[in-house]
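Next comes upload_30.pdb, a file with PDB, C-alpha atoms.
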MODEL        1
ATOM      1  CA  MET A   1     -33.442  14.862  27.685
ATOM      2  CA  THR A   2     -34.312  11.181  27.968
ATOM      3  CA  PRO A   3     -31.605   8.467  27.829
ATOM      4  CA  SER A   4     -32.683   7.443  24.309
ATOM      5  CA  GLU A   5     -31.804  10.947  23.062
ATOM      6  CA  PHE A   6     -28.152  10.682  24.091
ATOM      7  CA  THR A   7     -25.525   9.762  21.515
ATOM      8  CA  ILE A   8     -22.591   7.604  22.572
ATOM      9  CA  VAL A   9     -19.507   7.757  20.345
ATOM     10  CA  ARG A  10     -16.905   5.051  20.843
ATOM     11  CA  THR A  11     -14.345   2.894  19.074
ATOM     12  CA  VAL A  12     -15.185  -0.799  18.660
ATOM     13  CA  GLN A  13     -12.370  -3.334  18.254
ATOM     14  CA  LEU A  14     -13.205  -6.121  15.793
ATOM     15  CA  ARG A  15     -11.815  -9.667  15.742
ATOM     16  CA  ASN A  16      -9.899  -8.888  12.525
ATOM     17  CA  GLY A  17      -7.968  -6.075  14.249
ATOM     18  CA  VAL A  18      -9.880  -3.222  12.613
ATOM     19  CA  GLN A  19     -11.225  -0.498  14.890
ATOM     20  CA  LEU A  20     -14.439   1.242  13.841
ATOM     21  CA  GLU A  21     -15.730   4.584  15.084
ATOM     22  CA  VAL A  22     -19.375   4.107  16.039
ATOM     23  CA  ALA A  23     -22.121   6.472  17.215
ATOM     24  CA  GLU A  24     -25.132   4.888  18.958
ATOM     25  CA  ARG A  25     -28.436   6.275  20.093
ATOM     26  CA  GLY A  26     -31.575   4.684  21.493
ATOM     27  CA  PRO A  27     -32.338   1.510  23.473
ATOM     28  CA  HIS A  28     -30.356  -1.625  22.728
ATOM     29  CA  ASP A  29     -33.568  -3.635  22.431
ATOM     30  CA  GLY A  30     -34.905  -1.262  19.762
ATOM     31  CA  VAL A  31     -34.914  -2.008  16.049
ATOM     32  CA  PRO A  32     -31.246  -1.841  14.987
ATOM     33  CA  VAL A  33     -30.841   0.640  12.120
ATOM     34  CA  LEU A  34     -27.268   0.788  10.862
ATOM     35  CA  LEU A  35     -26.112   3.789   8.783
ATOM     36  CA  LEU A  36     -23.195   3.588   6.321
ATOM     37  CA  HIS A  37     -21.731   6.660   4.619
ATOM     38  CA  GLY A  38     -20.321   7.373   1.167
ATOM     39  CA  ILE A  39     -16.713   7.482   0.040
ATOM     40  CA  THR A  40     -14.446   9.883   2.038
ATOM     41  CA  ASP A  41     -17.339  10.732   4.392
ATOM     42  CA  SER A  42     -17.786   9.388   7.930
ATOM     43  CA  ARG A  43     -20.497   8.652  10.475
ATOM     44  CA  LEU A  44     -21.065  12.422  10.538
ATOM     45  CA  SER A  45     -22.624  12.141   7.088
ATOM     46  CA  TYR A  46     -25.880  11.334   8.901
ATOM     47  CA  GLU A  47     -25.686  14.291  11.287
ATOM     48  CA  PRO A  48     -28.385  16.309   9.430
ATOM     49  CA  MET A  49     -30.980  13.571  10.070
ATOM     50  CA  TRP A  50     -29.532  11.834  13.145
ATOM     51  CA  HIS A  51     -31.828  13.405  15.752
ATOM     52  CA  ARG A  52     -34.841  13.079  13.461
ATOM     53  CA  LEU A  53     -34.704   9.279  13.707
ATOM     54  CA  PRO A  54     -37.210   7.662  16.095
ATOM     55  CA  GLN A  55     -35.932   7.528  19.668
ATOM     56  CA  GLN A  56     -37.111   3.931  20.069
ATOM     57  CA  TRP A  57     -34.713   2.712  17.376
ATOM     58  CA  HIS A  58     -31.213   1.505  18.168
ATOM     59  CA  SER A  59     -29.522   3.795  15.641
ATOM     60  CA  ILE A  60     -25.878   3.054  14.810
ATOM     61  CA  ALA A  61     -23.790   5.293  12.521
ATOM     62  CA  VAL A  62     -20.437   3.816  11.520
ATOM     63  CA  SER A  63     -17.254   5.281  10.058
ATOM     64  CA  LEU A  64     -16.079   2.604   7.646
ATOM     65  CA  ARG A  65     -12.437   1.501   7.627
ATOM     66  CA  GLY A  66     -10.115   4.287   6.513
ATOM     67  CA  HIS A  67     -12.697   6.975   7.242
ATOM     68  CA  GLY A  68     -13.446   9.272  10.174
ATOM     69  CA  GLU A  69     -11.627   8.079  13.277
ATOM     70  CA  SER A  70     -11.642   4.401  12.237
ATOM     71  CA  SER A  71      -8.380   2.556  11.653
ATOM     72  CA  ARG A  72      -6.697   2.583   8.254
ATOM     73  CA  PRO A  73      -5.678  -0.918   7.116
ATOM     74  CA  GLN A  74      -4.469  -1.752   3.610
ATOM     75  CA  GLN A  75      -7.518  -3.291   1.894
ATOM     76  CA  TYR A  76     -10.682  -1.407   0.832
ATOM     77  CA  THR A  77     -12.806  -3.763  -1.226
ATOM     78  CA  MET A  78     -16.558  -3.990  -0.696
ATOM     79  CA  PRO A  79     -16.205  -7.509   0.830
ATOM     80  CA  ASP A  80     -13.568  -6.136   3.255
ATOM     81  CA  MET A  81     -15.889  -3.373   4.419
ATOM     82  CA  ALA A  82     -18.931  -5.653   4.553
ATOM     83  CA  GLY A  83     -16.885  -8.130   6.575
ATOM     84  CA  ASP A  84     -16.131  -5.398   9.102
ATOM     85  CA  ILE A  85     -19.845  -4.677   9.475
ATOM     86  CA  ALA A  86     -20.641  -8.365   9.955
ATOM     87  CA  LEU A  87     -18.063  -8.512  12.750
ATOM     88  CA  LEU A  88     -19.453  -5.300  14.231
ATOM     89  CA  ALA A  89     -22.964  -6.805  14.282
ATOM     90  CA  GLU A  90     -21.614  -9.842  16.120
ATOM     91  CA  THR A  91     -19.605  -7.721  18.553
ATOM     92  CA  LEU A  92     -22.556  -5.479  19.403
ATOM     93  CA  GLN A  93     -24.936  -8.470  19.423
ATOM     94  CA  LEU A  94     -27.310  -6.829  16.991
ATOM     95  CA  GLU A  95     -30.473  -8.542  15.847
ATOM     96  CA  PRO A  96     -30.966  -8.637  12.066
ATOM     97  CA  MET A  97     -30.569  -5.014  11.057
ATOM     98  CA  VAL A  98     -32.105  -2.468   8.757
ATOM     99  CA  VAL A  99     -28.979  -1.358   6.894
ATOM    100  CA  VAL A 100     -28.976   2.101   5.328
ATOM    101  CA  GLY A 101     -26.194   3.065   2.945
ATOM    102  CA  HIS A 102     -25.349   6.142   0.910
ATOM    103  CA  SER A 103     -23.456   5.674  -2.370
ATOM    104  CA  MET A 104     -20.419   3.521  -1.432
ATOM    105  CA  GLY A 105     -22.235   2.691   1.808
ATOM    106  CA  ALA A 106     -25.135   1.315  -0.246
ATOM    107  CA  ALA A 107     -22.729  -0.980  -2.095
ATOM    108  CA  VAL A 108     -21.296  -2.143   1.242
ATOM    109  CA  ALA A 109     -24.831  -2.735   2.524
ATOM    110  CA  MET A 110     -25.729  -4.827  -0.524
ATOM    111  CA  GLN A 111     -22.472  -6.787  -0.236
ATOM    112  CA  LEU A 112     -23.249  -7.472   3.419
ATOM    113  CA  ALA A 113     -26.752  -8.676   2.522
ATOM    114  CA  ILE A 114     -25.294 -10.975  -0.143
ATOM    115  CA  ASP A 115     -22.605 -12.400   2.149
ATOM    116  CA  ARG A 116     -24.610 -12.505   5.393
ATOM    117  CA  PRO A 117     -28.364 -12.346   4.681
ATOM    118  CA  ASP A 118     -28.980 -13.531   8.252
ATOM    119  CA  LEU A 119     -27.787 -10.127   9.507
ATOM    120  CA  VAL A 120     -29.998  -7.957   7.263
ATOM    121  CA  ARG A 121     -33.771  -7.655   7.644
ATOM    122  CA  ALA A 122     -34.095  -4.779   5.130
ATOM    123  CA  LEU A 123     -31.941  -2.499   2.967
ATOM    124  CA  VAL A 124     -32.099   1.209   2.168
ATOM    125  CA  GLY A 125     -29.952   2.594  -0.646
ATOM    126  CA  ILE A 126     -29.515   6.380  -0.868
ATOM    127  CA  GLY A 127     -27.997   7.397  -4.190
ATOM    128  CA  ALA A 128     -27.256   3.722  -4.811
ATOM    129  CA  PHE A 129     -25.279   2.618  -7.856
ATOM    130  CA  ALA A 130     -26.181  -0.568  -9.722
ATOM    131  CA  SER A 131     -22.563  -0.735 -10.902
ATOM    132  CA  PHE A 132     -19.441   1.401 -10.849
ATOM    133  CA  GLY A 133     -17.105  -0.043 -13.468
ATOM    134  CA  ASP A 134     -19.209   1.223 -16.372
ATOM    135  CA  LYS A 135     -19.097   4.853 -15.191
ATOM    136  CA  SER A 136     -16.444   6.451 -17.414
ATOM    137  CA  GLU A 137     -16.530   9.798 -15.578
ATOM    138  CA  LEU A 138     -15.993   8.082 -12.230
ATOM    139  CA  ARG A 139     -13.087   6.063 -13.611
ATOM    140  CA  GLY A 140     -11.642   9.182 -15.203
ATOM    141  CA  TYR A 141     -11.858  11.037 -11.875
ATOM    142  CA  ARG A 142     -10.035   8.167 -10.166
ATOM    143  CA  ASP A 143      -7.297   8.064 -12.807
ATOM    144  CA  THR A 144      -6.647  11.806 -12.841
ATOM    145  CA  GLU A 145      -7.693  13.792  -9.751
ATOM    146  CA  VAL A 146      -7.488  10.950  -7.217
ATOM    147  CA  GLU A 147      -4.285   9.447  -8.646
ATOM    148  CA  ALA A 148      -2.549  12.811  -8.295
ATOM    149  CA  LEU A 149      -3.523  13.322  -4.651
ATOM    150  CA  ARG A 150      -0.856  13.768  -2.012
ATOM    151  CA  ASP A 151      -1.216  14.320   1.724
ATOM    152  CA  PRO A 152      -2.584  16.457   3.149
ATOM    153  CA  ILE A 153      -5.655  16.397   0.910
ATOM    154  CA  PRO A 154      -6.086  19.871  -0.634
ATOM    155  CA  ASP A 155      -9.124  21.797   0.544
ATOM    156  CA  ARG A 156     -10.053  22.458  -3.087
ATOM    157  CA  VAL A 157     -10.311  18.764  -3.959
ATOM    158  CA  ALA A 158     -12.368  17.836  -0.902
ATOM    159  CA  ARG A 159     -14.645  20.863  -1.291
ATOM    160  CA  GLU A 160     -15.292  20.345  -5.006
ATOM    161  CA  PHE A 161     -16.013  16.670  -4.408
ATOM    162  CA  GLN A 162     -18.518  17.351  -1.629
ATOM    163  CA  VAL A 163     -20.223  20.222  -3.459
ATOM    164  CA  SER A 164     -20.651  17.999  -6.519
ATOM    165  CA  THR A 165     -22.969  15.730  -4.500
ATOM    166  CA  LEU A 166     -25.435  18.602  -3.975
ATOM    167  CA  ALA A 167     -27.994  20.159  -6.320
ATOM    168  CA  GLY A 168     -28.952  23.179  -4.233
ATOM    169  CA  PRO A 169     -27.943  25.406  -1.301
ATOM    170  CA  PHE A 170     -26.650  23.610   1.788
ATOM    171  CA  ASP A 171     -25.880  24.640   5.350
ATOM    172  CA  ALA A 172     -22.389  26.148   5.320
ATOM    173  CA  ALA A 173     -21.353  24.710   8.691
ATOM    174  CA  LEU A 174     -22.371  21.189   7.687
ATOM    175  CA  LEU A 175     -20.516  21.518   4.391
ATOM    176  CA  GLU A 176     -17.355  22.604   6.221
ATOM    177  CA  MET A 177     -17.698  19.600   8.530
ATOM    178  CA  MET A 178     -17.896  17.179   5.607
ATOM    179  CA  VAL A 179     -14.974  18.849   3.834
ATOM    180  CA  ARG A 180     -12.924  18.311   7.010
ATOM    181  CA  GLU A 181     -13.980  14.648   7.103
ATOM    182  CA  SER A 182     -12.875  14.147   3.484
ATOM    183  CA  ARG A 183      -9.528  15.781   4.211
ATOM    184  CA  LYS A 184      -8.971  13.335   7.110
ATOM    185  CA  VAL A 185      -8.894  10.416   4.661
ATOM    186  CA  PRO A 186      -5.310   9.779   3.466
ATOM    187  CA  SER A 187      -4.633   9.896  -0.265
ATOM    188  CA  ARG A 188      -3.806   6.174  -0.332
ATOM    189  CA  VAL A 189      -7.253   5.416   1.086
ATOM    190  CA  TRP A 190      -8.922   7.676  -1.492
ATOM    191  CA  ARG A 191      -7.198   5.631  -4.214
ATOM    192  CA  ALA A 192      -7.840   2.227  -2.644
ATOM    193  CA  ALA A 193     -11.493   2.996  -1.877
ATOM    194  CA  PHE A 194     -12.184   4.195  -5.424
ATOM    195  CA  ASP A 195     -10.461   1.051  -6.732
ATOM    196  CA  GLY A 196     -12.689  -1.024  -4.461
ATOM    197  CA  LEU A 197     -15.783   0.621  -5.929
ATOM    198  CA  LEU A 198     -14.661   0.218  -9.512
ATOM    199  CA  ALA A 199     -14.125  -3.519  -8.941
ATOM    200  CA  ASP A 200     -17.959  -3.917  -8.900
ATOM    201  CA  SER A 201     -17.692  -6.922  -6.597
ATOM    202  CA  PHE A 202     -21.277  -6.714  -5.298
ATOM    203  CA  CYS A 203     -23.166  -6.766  -8.605
ATOM    204  CA  ALA A 204     -23.324 -10.485  -9.392
ATOM    205  CA  GLY A 205     -25.006 -11.395  -6.115
ATOM    206  CA  LEU A 206     -27.839  -8.854  -6.259
ATOM    207  CA  PRO A 207     -30.465 -11.263  -7.682
ATOM    208  CA  THR A 208     -30.080 -13.435  -4.566
ATOM    209  CA  LEU A 209     -31.457 -10.712  -2.270
ATOM    210  CA  THR A 210     -35.049 -11.200  -1.174
ATOM    211  CA  MET A 211     -35.390  -8.785   1.769
ATOM    212  CA  PRO A 212     -37.352  -5.506   1.429
ATOM    213  CA  VAL A 213     -35.346  -2.745  -0.281
ATOM    214  CA  LEU A 214     -36.008   0.997  -0.408
ATOM    215  CA  LEU A 215     -34.142   3.147  -2.944
ATOM    216  CA  LEU A 216     -33.967   6.930  -2.453
ATOM    217  CA  TRP A 217     -32.744   8.872  -5.491
ATOM    218  CA  GLY A 218     -32.570  12.567  -6.378
ATOM    219  CA  ASN A 219     -33.433  13.360  -9.972
ATOM    220  CA  ALA A 220     -30.569  15.894 -10.062
ATOM    221  CA  ASP A 221     -28.005  13.263  -9.003
ATOM    222  CA  ALA A 222     -24.789  14.004 -10.922
ATOM    223  CA  PHE A 223     -23.373  10.512 -10.313
ATOM    224  CA  VAL A 224     -26.153   7.913 -10.372
ATOM    225  CA  PRO A 225     -28.315   7.853 -13.528
ATOM    226  CA  ARG A 226     -31.984   6.875 -13.400
ATOM    227  CA  ALA A 227     -31.024   3.769 -15.368
ATOM    228  CA  ASP A 228     -29.166   2.444 -12.325
ATOM    229  CA  CYS A 229     -32.325   2.760 -10.235
ATOM    230  CA  ASP A 230     -34.286   0.867 -12.874
ATOM    231  CA  THR A 231     -31.599  -1.832 -13.004
ATOM    232  CA  LEU A 232     -31.706  -2.289  -9.239
ATOM    233  CA  ARG A 233     -35.488  -2.498  -9.267
ATOM    234  CA  GLY A 234     -35.238  -5.107 -12.000
ATOM    235  CA  VAL A 235     -32.841  -7.401 -10.142
ATOM    236  CA  LEU A 236     -34.138  -6.834  -6.595
ATOM    237  CA  PRO A 237     -37.599  -8.392  -6.414
ATOM    238  CA  ALA A 238     -38.656  -6.520  -3.265
ATOM    239  CA  ALA A 239     -37.349  -3.050  -4.165
ATOM    240  CA  GLN A 240     -39.317   0.195  -4.228
ATOM    241  CA  LEU A 241     -38.061   3.561  -5.483
ATOM    242  CA  LEU A 242     -38.776   7.039  -4.115
ATOM    243  CA  VAL A 243     -37.672   9.951  -6.326
ATOM    244  CA  TYR A 244     -36.769  13.311  -4.771
ATOM    245  CA  ASP A 245     -37.302  16.236  -7.127
ATOM    246  CA  GLN A 246     -34.459  18.732  -7.678
ATOM    247  CA  THR A 247     -32.201  16.842  -5.271
ATOM    248  CA  GLY A 248     -28.633  15.695  -5.801
ATOM    249  CA  HIS A 249     -26.592  12.638  -4.862
ATOM    250  CA  ALA A 250     -26.539  13.359  -1.104
ATOM    251  CA  VAL A 251     -30.304  13.099  -0.671
ATOM    252  CA  HIS A 252     -30.036  12.764   3.110
ATOM    253  CA  TRP A 253     -28.162  16.069   3.335
ATOM    254  CA  GLU A 254     -30.514  18.100   1.185
ATOM    255  CA  GLN A 255     -33.767  16.633   2.497
ATOM    256  CA  PRO A 256     -33.006  15.126   5.927
ATOM    257  CA  ALA A 257     -36.540  15.507   7.328
ATOM    258  CA  ARG A 258     -38.164  13.769   4.366
ATOM    259  CA  VAL A 259     -35.544  10.998   4.320
ATOM    260  CA  ALA A 260     -36.060  10.389   8.051
ATOM    261  CA  ASP A 261     -39.837  10.218   7.539
ATOM    262  CA  ASP A 262     -39.556   7.877   4.548
ATOM    263  CA  LEU A 263     -37.134   5.692   6.475
ATOM    264  CA  ARG A 264     -39.454   5.593   9.485
ATOM    265  CA  ARG A 265     -42.414   4.487   7.341
ATOM    266  CA  PHE A 266     -40.311   1.859   5.584
ATOM    267  CA  VAL A 267     -39.008   0.378   8.842
ATOM    268  CA  ALA A 268     -42.530   0.342  10.299
ATOM    269  CA  ALA A 269     -43.808  -1.468   7.191
ATOM    270  CA  THR A 270     -41.067  -4.098   7.441
ATOM    271  CA  GLU A 271     -41.938  -4.669  11.105
ATOM    272  CA  THR A 272     -45.626  -5.034  10.228
ATOM    273  CA  ARG A 273     -44.776  -7.425   7.403
ATOM    274  CA  GLY A 274     -42.549  -9.462   9.693
ATOM    275  CA  SER A 275     -45.263  -9.687  12.344
ATOM    276  CA  ALA A 276     -47.821 -10.762   9.743
ATOM    277  CA  ASN A 277     -45.489 -13.428   8.381
ATOM    278  CA  ALA A 278     -44.815 -14.741  11.878
ATOM    279  CA  ALA A 279     -48.542 -14.859  12.626
ATOM    280  CA  ALA A 280     -49.237 -16.708   9.377
ATOM    281  CA  ALA A 281     -46.477 -19.194  10.137
ATOM    282  CA  GLY A 282     -47.946 -19.751  13.595
ATOM    283  CA  ALA A 283     -51.422 -20.298  12.186
ATOM    284  CA  CYS A 284     -50.114 -22.955   9.822
ATOM    285  CA  SER A 285     -47.876 -24.708  12.321
ATOM    286  CA  PRO A 286     -48.864 -28.251  13.280
ATOM    287  CA  LEU A 287     -50.136 -28.685  16.833
TER     288      LEU A 287
ENDMDL
END
Take the structure from the file and write it as C-alpha cells.
Amino acid sequence: MTPSEFTIVRTVQLRNGVQLEVAERGPHDGVPVLLLHGITDSRLSYEPMWHRLPQQWHSIAVSLRGHGESSRPQQYTMPDMAGDIALLAETLQLEPMVVVGHSMGAAVAMQLAIDRPDLVRALVGIGAFASFGDKSELRGYRDTEVEALRDPIPDRVAREFQVSTLAGPFDAALLEMMVRESRKVPSRVWRAAFDGLLADSFCAGLPTLTMPVLLLWGNADAFVPRADCDTLRGVLPAAQLLVYDQTGHAVHWEQPARVADDLRRFVAATETRGSANAAAAGACSPL
C-alpha cells in the first residue's frame, strides 16, 4: 500500500472553537476535493466511494458540526456550517477546493461558494435541493417526527430515514453503519439542522456563482424533484446535470463507482479548463 492510499482520521480545532472530525487521503499538494455529507450522516457517508477516488487527489471527508465525532455547538444554519468549512480550509492551508456535497452538504457547499468564492474552484451537488422551505413533506416531517424525537434516537426513526434515501437494495453492513451515525446525532441537533435547512439561507446568492458546477441526481429521488435540478441549472450559468436511472436520493451510496468516475472526469475537465484559461491569460499579458 502506497502512502497516498492511507486514510488519516483526526479532529481539527477551528478558530471559532468548533472541532471537526476529518478524514484525509492522498498527497497534500494534490487537488483538494472536500466531501460534505447530508443531514444526520457523517464523513462515513462517502465510505462506499472513498477508495475509488484518485490517489493523487487530496481527498478530505468532513463530519459537519453536530454530526459524527465533531463537536455539537448550538447553531446549525447553513452560514454557520459554511463558516466552519472556510475556517477548516484556512487551517489545513487548502488551495481553492472542489467541494462535493450531498443534500444538506450541497447546500453548505453552495453557501460556502457564495460567501467565500475564493475557496471554491468547482462545486458538485449530489441530490441537491434548489430550496427547502417550499417542500411541504419535509416541513411536515420536521414538525411531527423530528419534533417528537428524544434521546437516544430510536433505531426505527434512523433506519426509516436512511432507507428512504434509497431506491434499491443496499449493502446491509453499510446501511447499519449509517443508521448508527444517525443515532449518534442528538435530537436537538436533528431539530436545529432541519430548521437550518428550512431557512433556505443559500438560495438568494446562487445567481452570483460562476464556477463550474456538476449536479448528480437519481430519477427515483424521493426528496428532490426534477424541477429543483432545472431551477439550479437555470440560475447557475456553469452547471451541468447527470441523471442516474432508477437511483434514489443517496446517489453516491447506490452507484459509488459511477459517481467516482463522473467526479474524476469533472475534476479533470476543471483542471484542463483552468490550465487553458491561464495559458490564454499569459498569451494576452503585456510584455
Using all atoms listed in the file, which residue out of A:Ile85, A:Ala148, A:Ala204, A:Ala220 lies closest to Ala250 in chain A?
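Ranking A:Ile85, A:Ala148, A:Ala204, A:Ala220 by distance to Ala250 in chain A, first place goes to A:Ala220.
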Please expand the PyMOL selection byres ((chain A and resi 61) around 10) into the concrete residues it hits in this file, giving the result as a PyMOL selection string.
chain A and resi 9+21-25+33-37+42-47+50+59-60+62-64+100
Chain and number of each residue from the PyMOL selection byres ((chain A and resi 74) around 10), as a list in words
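Evaluating the PyMOL selection byres ((chain A and resi 74) around 10) on these coordinates yields Arg65, Gly66, Ser71, Arg72, Pro73, Gln75, Tyr76, Thr77, Arg188, Val189 and Ala192 of chain A.
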Which residues would end up in the selection if the PyMOL selection byres ((chain A and resi 117-133) around 6) were applied here, given that I need the answer as a list in words?
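For this structure, the PyMOL selection byres ((chain A and resi 117-133) around 6) captures Pro96, Met97, Val98, Val99, Val100, Gly101, His102, Ser103, Ala106, Ala113, Ile114, Arg116, Asp134, Lys135, Leu198, Asp200, Met211, Pro212, Val213, Leu214, Leu215, Leu216, Trp217, Val224, Asp228, Leu232 and His249 of chain A.
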Could you check how far CA of Glu69 in chain A sits from CA of Leu20 in chain A, in Å to one decimal?
7.4 Å
Please measure the separation of CA of Val179 in chain A and CA of Gln162 in chain A, giving the value in Å to one decimal.
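That distance, rounded to one decimal, is 6.7 Å.
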Using all atoms listed in the file - which residues lie no farther than 12 Å from the point (-8.1, 6.1, -10.2) in the file's frame? Write them as a short mmCIF file (atom, residue, chain, number, x, y, z; two decimals) with C-alpha atoms, in the frame of the given file.
data_model
loop_
_atom_site.label_atom_id
_atom_site.label_comp_id
_atom_site.auth_asym_id
_atom_site.auth_seq_id
_atom_site.Cartn_x
_atom_site.Cartn_y
_atom_site.Cartn_z
CA GLY A 133 -17.10 -0.04 -13.47
CA SER A 136 -16.44 6.45 -17.41
CA GLU A 137 -16.53 9.80 -15.58
CA LEU A 138 -15.99 8.08 -12.23
CA ARG A 139 -13.09 6.06 -13.61
CA GLY A 140 -11.64 9.18 -15.20
CA TYR A 141 -11.86 11.04 -11.88
CA ARG A 142 -10.04 8.17 -10.17
CA ASP A 143 -7.30 8.06 -12.81
CA THR A 144 -6.65 11.81 -12.84
CA GLU A 145 -7.69 13.79 -9.75
CA VAL A 146 -7.49 10.95 -7.22
CA GLU A 147 -4.28 9.45 -8.65
CA ALA A 148 -2.55 12.81 -8.30
CA LEU A 149 -3.52 13.32 -4.65
CA SER A 187 -4.63 9.90 -0.26
CA ARG A 188 -3.81 6.17 -0.33
CA VAL A 189 -7.25 5.42 1.09
CA TRP A 190 -8.92 7.68 -1.49
CA ARG A 191 -7.20 5.63 -4.21
CA ALA A 192 -7.84 2.23 -2.64
CA ALA A 193 -11.49 3.00 -1.88
CA PHE A 194 -12.18 4.20 -5.42
CA ASP A 195 -10.46 1.05 -6.73
CA GLY A 196 -12.69 -1.02 -4.46
CA LEU A 197 -15.78 0.62 -5.93
CA LEU A 198 -14.66 0.22 -9.51
CA ALA A 199 -14.12 -3.52 -8.94
#
Pick from A:Leu175, A:Leu206, A:Leu166, A:Val251: nearest to Ala109 in chain A, with only C-alpha atoms counted?
A:Leu206
Using CA of Ser182 in chain A and CA of Val163 in chain A as the two end points, give the distance in Å to one decimal.
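Interatomic distance here is 11.8 Å.
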Contact residues around range 51-55 of chain A with all atoms listed in the file at 10 Å, ignoring same-chain residues under 3 positions, as a list in words
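The filter keeps Thr2, Pro3, Ser4, Glu5, Phe6, Thr7, Arg25, Gly26, Pro27, Gly30, Val31, Val33, Tyr46, Glu47, Pro48, His58, Ser59, Pro256, Ala257, Arg258, Val259, Ala260, Asp261, Leu263 and Arg264 of chain A.
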So, with all atoms listed in the file as the atoms that count, which of A:Asp115, A:Glu271, A:Glu160, A:Glu181 lies closest to Gly68 in chain A?
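Ranking A:Asp115, A:Glu271, A:Glu160, A:Glu181 by distance to Gly68 in chain A, first place goes to A:Glu181.
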Of the candidates A:Arg233, A:Arg15, A:Gly205, A:His67, which one gets nearest to Ala89 in chain A if we count all atoms listed in the file?
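Nearest candidate to Ala89 in chain A out of A:Arg233, A:Arg15, A:Gly205, A:His67: A:Arg15.
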For each of A:Ser70, A:Thr210, A:Asn219, A:Thr272, take the minimum atom-to-atom distance to Leu241 in chain A, counting all atoms listed in the file, then give the residue where this is smallest.
A:Asn219
